[in-house]
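Single-structure report; data block below.
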Amino acid sequence: MNDNFELENMRQQMDLLKQKLAQQEIVNDALIRQSVKKNTSYVNRNYRLLFILDIIFIPLFYLIFCNYMHQPVWLWIYIAVGLLYDAWHRCRIFRLIGDSHLFEQSLLEVRKKVLKVKKYERIFNIISYPLLFLWFVLFFYNAYLIAHYPSVFHTVICFIFAVVLGFGLGYSFDRKVTKHYQEILQQIEDVTQSEE
């Protein structure tokens with residue numbers, strides 16, 4: 001009889017322990033999902049803003065380059081196509097991780113999507129940075145040609161300043177966004193490893 005009582009007591013303690021562990025997993029999962037949601041909302045907010053700016057800058061650059069600076073239309077078309085490519089890229093990323101139902105999926109599915117986004121970002125940077133550099137070269141060369149009193153030194157200094165500023169800002173933004181992606185992946189990997 002005493003053995004049955006001890007066995008029943010141990011069974012109750014095991015059930016209580018299982019309930020506590022299940023509650024702990026739910027709390028951990030909720031905290032991880034909340035943290036992942038915060039990181040992706042930062043990326044989505046910035047990408048939504050950049051998408052809007054891309055669309056606004058297309059006609060604005062036409063006014064600046066063609067009407068005010070008297071640059072050729074093909075130079076504006078080059079930058080307009082680049083802005084459309086950038087807007088398409090932002091939209092594609094937003095479709096992957098901007099879904100409100102993303103956090104109802106398993107964390108492994110979220111991880112796959114974030115890895116796909118990182119791959120898209122890498123390809124986008126490999127394509128866009130050389131094209132941006134080429135645009136700067138064409139713009140400053142054309143500005144040098146149409147200047148009334150061309151100065152090679154002045155043109156080169158302006159070119160270097162514009163390239164350093166443009167690439168510095170782009171690189172800084174890319175590093176910040178990559179840091180958020182890495183935090184998401186690290187949090188998901190920590191959870192999945194602890195579950196194994």
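Residue numbers start at 1 in each chain; chains themselves are named A, B, ... in the order of the structure tokens; ligands are numbered from 1 in the order shown.
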Nearby residues (only C-alpha atoms) at most 8 Å from region 118-125 of chain A, same-chain spacing under 2 positions excluded, as JSON, numbers by chain: {"A": [89, 93, 114, 115, 116, 127, 128, 129, 178, 181]}
Using C-alpha atoms, can you write the selected residues to a file as a CSV table (one decimal), in the first residue's frame?
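So the final result, stored in result.csv, reads:
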```csv
chain,number,residue,atom,x,y,z
A,89,HIS,CA,13.8,44.4,-54.5
A,93,ILE,CA,11.8,41.4,-49.4
A,114,VAL,CA,15.3,35.0,-43.4
A,115,LEU,CA,18.1,33.0,-45.1
A,116,LYS,CA,16.4,33.6,-48.5
A,127,ILE,CA,24.6,44.0,-58.7
A,128,SER,CA,23.8,47.4,-57.4
A,129,TYR,CA,27.1,48.7,-56.0
A,178,THR,CA,22.3,42.5,-41.8
A,181,TYR,CA,18.9,39.4,-39.9
```
Write out as an mmCIF file with N, CA and C atoms, in the first residue's frame the residues lying within 7 Å of region 135-145 of chain A, counting only C-alpha atoms and excluding same-chain residues fewer than 3 positions away.
```
data_model
loop_
_atom_site.group_PDB
_atom_site.id
_atom_site.type_symbol
_atom_site.label_atom_id
_atom_site.label_comp_id
_atom_site.auth_asym_id
_atom_site.auth_seq_id
_atom_site.Cartn_x
_atom_site.Cartn_y
_atom_site.Cartn_z
ATOM 1 N N LEU A 131 26.889 48.988 -60.401
ATOM 2 C CA LEU A 131 26.072 49.826 -61.270
ATOM 3 C C LEU A 131 25.985 51.260 -60.750
ATOM 4 N N LEU A 132 25.917 51.408 -59.446
ATOM 5 C CA LEU A 132 25.915 52.751 -58.854
ATOM 6 C C LEU A 132 27.241 53.455 -59.106
ATOM 7 N N PRO A 150 35.563 73.743 -67.426
ATOM 8 C CA PRO A 150 35.825 72.450 -66.773
ATOM 9 C C PRO A 150 37.125 72.459 -65.975
ATOM 10 N N THR A 155 36.245 68.293 -60.510
ATOM 11 C CA THR A 155 35.388 67.167 -60.874
ATOM 12 C C THR A 155 35.805 65.896 -60.134
ATOM 13 N N PHE A 159 33.650 63.875 -57.401
ATOM 14 C CA PHE A 159 33.381 62.459 -57.667
ATOM 15 C C PHE A 159 33.762 61.608 -56.456
#
```
Nearest-residue call for Phe173 (chain A), choices A:Asn46, A:Phe51, A:Met14, A:Tyr78, using only C-alpha atoms: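 Among the listed residues, the smallest separation from Phe173 (chain A) belongs to A:Asn46.
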Straight-line distance linking CA of His180 (chain A) with CA of Leu50 (chain A), stated in Å to one decimal: 16.9 Å
Length of the CA of Ile188 (chain A) to CA of Leu107 (chain A) vector [Å]: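 Separating CA of Ile188 (chain A) from CA of Leu107 (chain A) is a distance of 6.3 Å.
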Atom-to-atom span, CA of Arg48 (chain A) and CA of Val177 (chain A), Å: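 These atoms are spaced 13.4 Å apart.
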Can you tell me, as a JSON list (two decimals) with N, CA and C atoms, in the first residue's frame, what residues are no more than 12 Å from Phe57 (chain A) when counting only C-alpha atoms, ignoring any on the same chain fewer than 4 positions away?
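Saved file around.json follows:
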```json
[["chain", "number", "residue", "atom", "x", "y", "z"],
["A", 50, "LEU", "N", 11.96, 53.15, -47.89],
["A", 50, "LEU", "CA", 12.82, 53.19, -49.07],
["A", 50, "LEU", "C", 12.04, 52.95, -50.35],
["A", 51, "PHE", "N", 11.05, 52.09, -50.31],
["A", 51, "PHE", "CA", 10.20, 51.85, -51.47],
["A", 51, "PHE", "C", 9.48, 53.14, -51.88],
["A", 52, "ILE", "N", 8.92, 53.83, -50.90],
["A", 52, "ILE", "CA", 8.21, 55.09, -51.18],
["A", 52, "ILE", "C", 9.18, 56.14, -51.72],
["A", 53, "LEU", "N", 10.38, 56.23, -51.13],
["A", 53, "LEU", "CA", 11.37, 57.19, -51.61],
["A", 53, "LEU", "C", 11.83, 56.88, -53.03],
["A", 61, "PHE", "N", 14.18, 63.27, -59.65],
["A", 61, "PHE", "CA", 15.48, 63.25, -60.32],
["A", 61, "PHE", "C", 15.38, 63.73, -61.76],
["A", 62, "TYR", "N", 14.24, 63.50, -62.40],
["A", 62, "TYR", "CA", 14.06, 64.03, -63.76],
["A", 62, "TYR", "C", 14.13, 65.56, -63.73],
["A", 63, "LEU", "N", 13.41, 66.14, -62.78],
["A", 63, "LEU", "CA", 13.43, 67.61, -62.66],
["A", 63, "LEU", "C", 14.83, 68.12, -62.35],
["A", 64, "ILE", "N", 15.52, 67.45, -61.44],
["A", 64, "ILE", "CA", 16.86, 67.92, -61.03],
["A", 64, "ILE", "C", 17.86, 67.73, -62.16],
["A", 65, "PHE", "N", 17.93, 66.50, -62.70],
["A", 65, "PHE", "CA", 18.99, 66.20, -63.69],
["A", 65, "PHE", "C", 18.72, 66.82, -65.06],
["A", 76, "TRP", "N", 19.19, 60.09, -66.70],
["A", 76, "TRP", "CA", 18.03, 59.97, -65.81],
["A", 76, "TRP", "C", 17.40, 58.58, -65.97],
["A", 79, "ILE", "N", 19.28, 56.06, -63.90],
["A", 79, "ILE", "CA", 18.99, 56.10, -62.46],
["A", 79, "ILE", "C", 17.54, 55.69, -62.19],
["A", 80, "ALA", "N", 16.61, 55.99, -63.11],
["A", 80, "ALA", "CA", 15.21, 55.60, -62.93],
["A", 80, "ALA", "C", 15.07, 54.08, -62.95],
["A", 81, "VAL", "N", 15.77, 53.42, -63.87],
["A", 81, "VAL", "CA", 15.74, 51.95, -63.90],
["A", 81, "VAL", "C", 16.35, 51.39, -62.62],
["A", 82, "GLY", "N", 17.43, 52.02, -62.13],
["A", 82, "GLY", "CA", 18.03, 51.59, -60.87],
["A", 82, "GLY", "C", 17.08, 51.75, -59.70],
["A", 83, "LEU", "N", 16.34, 52.85, -59.67],
["A", 83, "LEU", "CA", 15.37, 53.07, -58.59],
["A", 83, "LEU", "C", 14.21, 52.08, -58.68],
["A", 84, "LEU", "N", 13.78, 51.76, -59.91],
["A", 84, "LEU", "CA", 12.73, 50.75, -60.06],
["A", 84, "LEU", "C", 13.21, 49.37, -59.61],
["A", 86, "ASP", "N", 15.51, 48.87, -57.35],
["A", 86, "ASP", "CA", 15.57, 48.95, -55.89],
["A", 86, "ASP", "C", 14.18, 48.80, -55.28],
["A", 87, "ALA", "N", 13.17, 49.46, -55.87],
["A", 87, "ALA", "CA", 11.80, 49.35, -55.36],
["A", 87, "ALA", "C", 11.29, 47.92, -55.48]]
```
Residue among A:Arg90, A:Asn67, A:Gln187, A:Asn44 lying closest to Arg111 (chain A), counting only C-alpha atoms: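 Once distances to Arg111 (chain A) are computed over only C-alpha atoms, the minimum belongs to A:Gln187.
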